[in-house]
$ cat query32.cif   # mmCIF, C-alpha atoms
data_start
#
loop_
_atom_site.label_atom_id
_atom_site.label_comp_id
_atom_site.auth_asym_id
_atom_site.auth_seq_id
_atom_site.Cartn_x
_atom_site.Cartn_y
_atom_site.Cartn_z
CA MET A 1 104.63 100.39 -54.37
CA PRO A 2 106.67 103.60 -54.24
CA LYS A 3 103.62 105.54 -55.39
CA ARG A 4 101.76 104.63 -52.25
CA GLN A 5 104.67 105.63 -50.09
CA SER A 6 104.99 109.01 -51.73
CA GLY A 7 101.29 109.48 -50.95
CA ASN A 8 102.07 108.78 -47.33
CA LYS A 9 104.74 111.39 -47.34
CA LYS A 10 102.41 114.04 -48.68
CA GLY A 11 99.92 113.30 -45.94
CA LYS A 12 102.65 113.75 -43.43
CA GLN A 13 103.75 117.07 -44.84
CA SER A 14 100.25 118.51 -44.68
CA ASN A 15 100.30 117.76 -40.96
CA PHE A 16 103.15 120.18 -40.59
CA ALA A 17 101.05 123.11 -41.72
CA LYS A 18 100.28 124.69 -38.42
CA LEU A 19 100.00 128.24 -37.25
CA SER A 20 103.09 128.52 -35.16
CA ILE A 21 106.12 126.41 -34.37
CA PHE A 22 105.40 126.75 -30.69
CA GLN A 23 101.97 125.25 -31.00
CA PRO A 24 101.83 121.93 -29.15
CA ASN A 25 101.71 118.82 -31.28
CA LYS A 26 98.19 117.65 -30.98
CA TYR A 27 98.42 115.30 -33.91
CA LYS A 28 100.61 112.33 -34.30
CA PHE A 29 103.32 112.85 -36.86
CA LYS A 30 104.99 109.51 -36.68
CA LYS A 31 103.31 106.47 -38.07
CA SER A 32 104.05 103.30 -36.21
CA CYS A 33 106.20 100.61 -37.75
CA PRO A 34 104.16 98.49 -40.18
CA LEU A 35 106.17 95.36 -39.39
CA SER A 36 106.02 95.55 -35.60
CA ALA A 37 102.26 95.75 -35.31
CA LYS A 38 100.24 92.79 -34.13
CA GLY A 39 99.58 90.26 -36.85
CA ALA A 40 102.27 91.73 -39.05
CA PRO A 41 103.96 89.32 -41.45
CA THR A 42 107.37 87.97 -40.49
CA VAL A 43 110.29 89.21 -42.52
CA ASP A 44 111.67 86.36 -44.55
CA TYR A 45 113.93 86.12 -47.59
CA LYS A 46 111.37 83.88 -49.31
CA ASN A 47 108.54 86.37 -49.05
CA ILE A 48 109.46 88.40 -52.12
CA ARG A 49 106.20 90.33 -52.25
CA LEU A 50 106.77 91.74 -48.81
CA LEU A 51 110.39 92.60 -49.53
CA LYS A 52 109.52 94.38 -52.75
CA LYS A 53 107.38 96.85 -50.83
CA TYR A 54 110.47 98.09 -49.09
CA MET A 55 112.60 98.44 -52.19
CA SER A 56 112.74 101.06 -54.91
CA GLU A 57 112.01 100.19 -58.52
CA ASN A 58 115.71 99.93 -59.19
CA GLY A 59 116.06 97.30 -56.53
CA LYS A 60 117.56 99.51 -53.87
CA ILE A 61 116.57 99.24 -50.23
CA LEU A 62 114.36 102.13 -49.15
CA PRO A 63 115.49 104.08 -46.08
CA SER A 64 113.47 103.54 -42.92
CA ARG A 65 112.68 107.24 -42.62
CA ILE A 66 110.46 106.85 -45.65
CA THR A 67 108.90 103.52 -44.81
CA ASN A 68 108.66 104.06 -41.04
CA VAL A 69 110.13 100.64 -40.30
CA SER A 70 111.67 100.30 -36.86
CA GLN A 71 115.42 99.92 -36.50
CA LYS A 72 115.24 96.27 -35.53
CA LYS A 73 112.96 95.35 -38.40
CA GLN A 74 115.00 97.40 -40.86
CA ARG A 75 118.05 95.34 -39.99
CA GLU A 76 116.09 92.15 -40.55
CA LEU A 77 114.75 93.53 -43.81
CA SER A 78 118.12 94.47 -45.22
CA LEU A 79 119.54 91.07 -44.33
CA SER A 80 116.72 89.18 -45.95
CA ILE A 81 116.76 91.42 -49.02
CA LYS A 82 120.44 90.62 -49.45
CA ARG A 83 119.73 86.92 -49.11
CA ALA A 84 117.03 87.12 -51.73
CA ARG A 85 119.39 89.00 -54.01
CA ASN A 86 121.93 86.24 -53.73
CA LEU A 87 119.30 83.74 -54.83
CA ALA A 88 118.38 86.01 -57.77
CA LEU A 89 114.82 86.26 -56.50
CA ILE A 90 114.86 90.06 -56.55
CA MET B 1 121.32 70.11 -33.32
CA ASN B 2 120.53 73.07 -35.48
CA LEU B 3 117.83 73.85 -37.96
CA TYR B 4 118.84 74.93 -41.43
CA GLU B 5 117.08 76.10 -44.54
CA HIS B 6 119.01 75.19 -47.62
CA THR B 7 118.20 76.30 -51.16
CA ILE B 8 119.94 75.30 -54.37
CA ILE B 9 119.45 76.60 -57.89
CA ALA B 10 119.97 74.20 -60.78
CA ARG B 11 120.60 75.18 -64.38
CA GLN B 12 117.63 75.89 -66.62
CA ASP B 13 118.30 72.95 -68.93
CA THR B 14 118.12 70.24 -66.26
CA SER B 15 115.27 67.84 -66.91
CA PRO B 16 112.76 66.95 -64.17
CA SER B 17 114.31 63.51 -63.78
CA GLU B 18 117.72 65.08 -63.26
CA ILE B 19 116.29 67.36 -60.62
CA LYS B 20 114.93 64.33 -58.83
CA GLN B 21 118.38 62.79 -58.99
CA LEU B 22 119.89 65.93 -57.53
CA THR B 23 117.44 66.01 -54.62
CA GLU B 24 118.12 62.36 -53.93
CA LYS B 25 121.85 62.86 -54.14
CA TYR B 26 121.87 65.64 -51.59
CA SER B 27 119.31 63.97 -49.35
CA LYS B 28 121.64 61.00 -49.17
CA ILE B 29 124.55 63.19 -48.17
CA VAL B 30 122.45 64.66 -45.38
CA GLU B 31 121.44 61.24 -44.12
CA LYS B 32 125.00 59.96 -44.22
CA ASN B 33 126.07 62.72 -41.86
CA GLU B 34 123.34 61.92 -39.37
CA GLY B 35 121.12 64.76 -40.46
CA GLU B 36 117.42 64.65 -40.99
CA ILE B 37 115.44 66.22 -43.81
CA VAL B 38 112.24 67.63 -42.40
CA LYS B 39 110.83 68.85 -45.69
CA THR B 40 111.76 69.31 -49.31
CA GLU B 41 110.09 71.88 -51.50
CA ASP B 42 110.35 72.08 -55.25
CA TRP B 43 109.75 75.66 -56.27
CA GLY B 44 109.98 74.83 -59.94
CA LEU B 45 111.49 76.82 -62.78
CA LEU B 46 111.66 80.50 -61.81
CA ASN B 47 112.96 83.51 -63.68
CA LEU B 48 116.26 84.74 -62.34
CA SER B 49 116.32 88.48 -61.82
CA TYR B 50 119.78 88.66 -63.36
CA LEU B 51 121.90 86.36 -65.48
CA ILE B 52 123.95 83.74 -63.68
CA LYS B 53 126.46 81.99 -65.94
CA LYS B 54 124.29 82.97 -68.93
CA ASN B 55 121.20 81.34 -67.47
CA LYS B 56 117.92 83.22 -67.52
CA LYS B 57 115.97 80.71 -65.48
CA GLY B 58 116.74 78.28 -62.73
CA SER B 59 114.96 75.48 -60.95
CA TYR B 60 114.90 75.96 -57.21
CA ILE B 61 114.98 73.18 -54.65
CA HIS B 62 114.50 74.00 -50.99
CA PHE B 63 115.42 71.74 -48.06
CA LYS B 64 114.62 72.07 -44.42
CA ILE B 65 117.37 70.21 -42.59
CA LYS B 66 117.83 69.28 -38.96
CA GLY B 67 121.38 68.36 -38.09
CA LYS B 68 124.82 69.43 -37.00
CA GLY B 69 127.16 71.83 -38.73
CA ASN B 70 129.18 69.14 -40.44
CA VAL B 71 126.15 68.25 -42.56
CA ILE B 72 126.22 71.72 -44.09
CA ASP B 73 130.00 71.59 -44.57
CA GLU B 74 129.67 68.36 -46.49
CA LEU B 75 126.73 69.63 -48.54
CA GLU B 76 128.40 72.85 -49.57
CA LYS B 77 131.64 71.09 -50.39
CA ASN B 78 129.80 68.89 -52.86
CA GLU B 79 127.66 71.67 -54.25
CA ALA B 80 130.58 73.97 -54.94
CA ILE B 81 131.99 71.52 -57.49
CA ASP B 82 128.65 70.49 -58.97
CA LYS B 83 128.38 71.88 -62.49
CA LYS B 84 124.62 71.47 -62.65
CA LEU B 85 124.11 73.98 -59.87
CA LEU B 86 124.29 77.75 -60.08
CA ARG B 87 123.94 78.87 -56.48
CA TYR B 88 123.27 77.61 -53.01
CA LEU B 89 122.24 79.35 -49.82
CA THR B 90 122.09 78.07 -46.28
CA VAL B 91 120.33 79.93 -43.51
CA ARG B 92 120.18 78.85 -39.90
CA VAL B 93 116.78 79.44 -38.40
CA LYS B 94 115.40 79.16 -34.91
CA LYS B 95 112.10 77.74 -36.03
CA PHE B 96 110.77 76.27 -39.25
CA ASP B 97 107.58 77.74 -40.59
CA LEU B 98 106.17 74.74 -42.36
CA GLU B 99 102.87 76.35 -43.27
CA ALA B 100 103.93 79.31 -45.36
CA ASN B 101 104.90 78.29 -48.86
CA TYR B 102 105.53 81.43 -50.80
CA PHE B 103 106.05 79.77 -54.14
CA ALA B 104 103.22 77.27 -54.40
CA LYS B 105 100.08 78.94 -53.09
CA ARG B 106 99.30 81.95 -55.18
CA GLU B 107 95.75 82.68 -53.98
CA GLY B 108 96.48 82.65 -50.29
CA GLU B 109 99.28 85.08 -50.82
CA ASP B 110 97.03 87.56 -52.60
CA LYS B 111 94.68 87.75 -49.66
CA TYR B 112 97.61 88.26 -47.37
CA ASP B 113 98.79 91.15 -49.46
CA LYS B 114 95.48 92.92 -49.50
CA LYS B 115 95.33 92.99 -45.74
CA GLU B 116 98.73 94.57 -45.73
CA SER B 117 97.78 97.35 -48.11
CA TYR B 118 94.85 98.38 -45.96
CA ARG B 119 97.09 98.85 -43.02
CA ASN B 120 99.37 101.09 -44.99
#
$ encode --input "query32.cif" --output "structure tokens"
Amino acid sequence: MPKRQSGNKKGKQSNFAKLSIFQPNKYKFKKSCPLSAKGAPTVDYKNIRLLKKYMSENGKILPSRITNVSQKKQRELSLSIKRARNLALI
Amino acid sequence: MNLYEHTIIARQDTSPSEIKQLTEKYSKIVEKNEGEIVKTEDWGLLNLSYLIKKNKKGSYIHFKIKGKGNVIDELEKNEAIDKKLLRYLTVRVKKFDLEANYFAKREGEDKYDKKESYRN
């Protein structure tokens, strides 16, 4: 999973290559939160596959500035990741 | 009345009949305290991601309980001294999702995942 996210980051950086700093931002820089969109899966401590997307390979929680998760959902995520850790699922 | 999700992990060397006994034992405790078991799920023997009391695997049992707080008090009191169990976790939820079963249906989950990856 982290590979895909690093790809995202690269795409974002290329957006920054513009002529001048004062040029207006025509393009969207920020991606919307993947968990707040319509039809997005609910964050749950039993859904390990979903949780693993938002964790590093070492089992650490990825920061929301990398994954673009909203504040509210990030709080839910971290809580459910910790629950899953307690059950030795992750 | 509250809704609770309750999960217990039993040792790896418990036989299937013993697991049945355990589920019955704790279901009885729930019923004694005027609680109601909406659903029980047996997730089976899963690999633990780290050792717990030198166990590599554990059999997971998941309850969905409707009842008051004293049910959970009584359950956890009994589970803390049970030597067959490794861990327990209780979570209060606002709503049960009775459809999603993340540990039984493998195929459905795959489809779900693919959709996700497109969005990313």
$ residues_near_point --input "query32.cif" --point "(119.8, 94.3, -46.9)" --cutoff "12 Å" --atoms "all atoms listed in the file" --output "PyMOL selection string"
chain A and resi 43-45+51-52+54-55+59-64+73-86+90
$ interface_residues --input "query32.cif" --of "chain B" --to "chain A" --cutoff "7 Å" --atoms "all atoms listed in the file" --output "PyMOL selection string"
chain B and resi 48-50+87+102
$ residues_around --input "query32.cif" --residues "B:His62" --least-positions-apart "6" --cutoff "9 Å" --atoms "only C-alpha atoms" --output "PyMOL selection string"
chain B and resi 5-9+39-43
$ closest_residue --input "query32.cif" --among "B:Ile37, B:Leu45, B:Leu22, B:Leu51" --to "B:Gly67" --atoms "only C-alpha atoms"
B:Ile37
$ atom_distance --input "query32.cif" --atom1 "atom CA of A:Ser32" --atom2 "atom CA of B:Val93"
27.1 Å
$ residues_around --input "query32.cif" --residues "B:Glu31" --least-positions-apart "3" --cutoff "12 Å" --atoms "all atoms listed in the file" --output "ChimeraX atom specification"
/B:24-28,34-38,65-68,70-72,74-75
$ closest_atom_pairs --input "query32.cif" --of "stretch 1-22 of chain B" --to "stretch 80-84 of chain B" --cutoff "10 Å" --atoms "all atoms listed in the file" --output "Markdown table"
| residue | atom | partner | partner_atom | distance |
| --- | --- | --- | --- | --- |
| B:Ile9 | CA | B:Lys84 | CA | 8.7 |
| B:Ala10 | CA | B:Lys84 | CA | 5.7 |
| B:Arg11 | CA | B:Lys84 | CA | 5.7 |
| B:Gln12 | CA | B:Lys84 | CA | 9.2 |
| B:Asp13 | CA | B:Lys84 | CA | 9.0 |
| B:Thr14 | CA | B:Lys84 | CA | 7.5 |
| B:Glu18 | CA | B:Lys84 | CA | 9.4 |
| B:Ile19 | CA | B:Lys84 | CA | 9.5 |
| B:Leu22 | CA | B:Lys84 | CA | 8.9 |
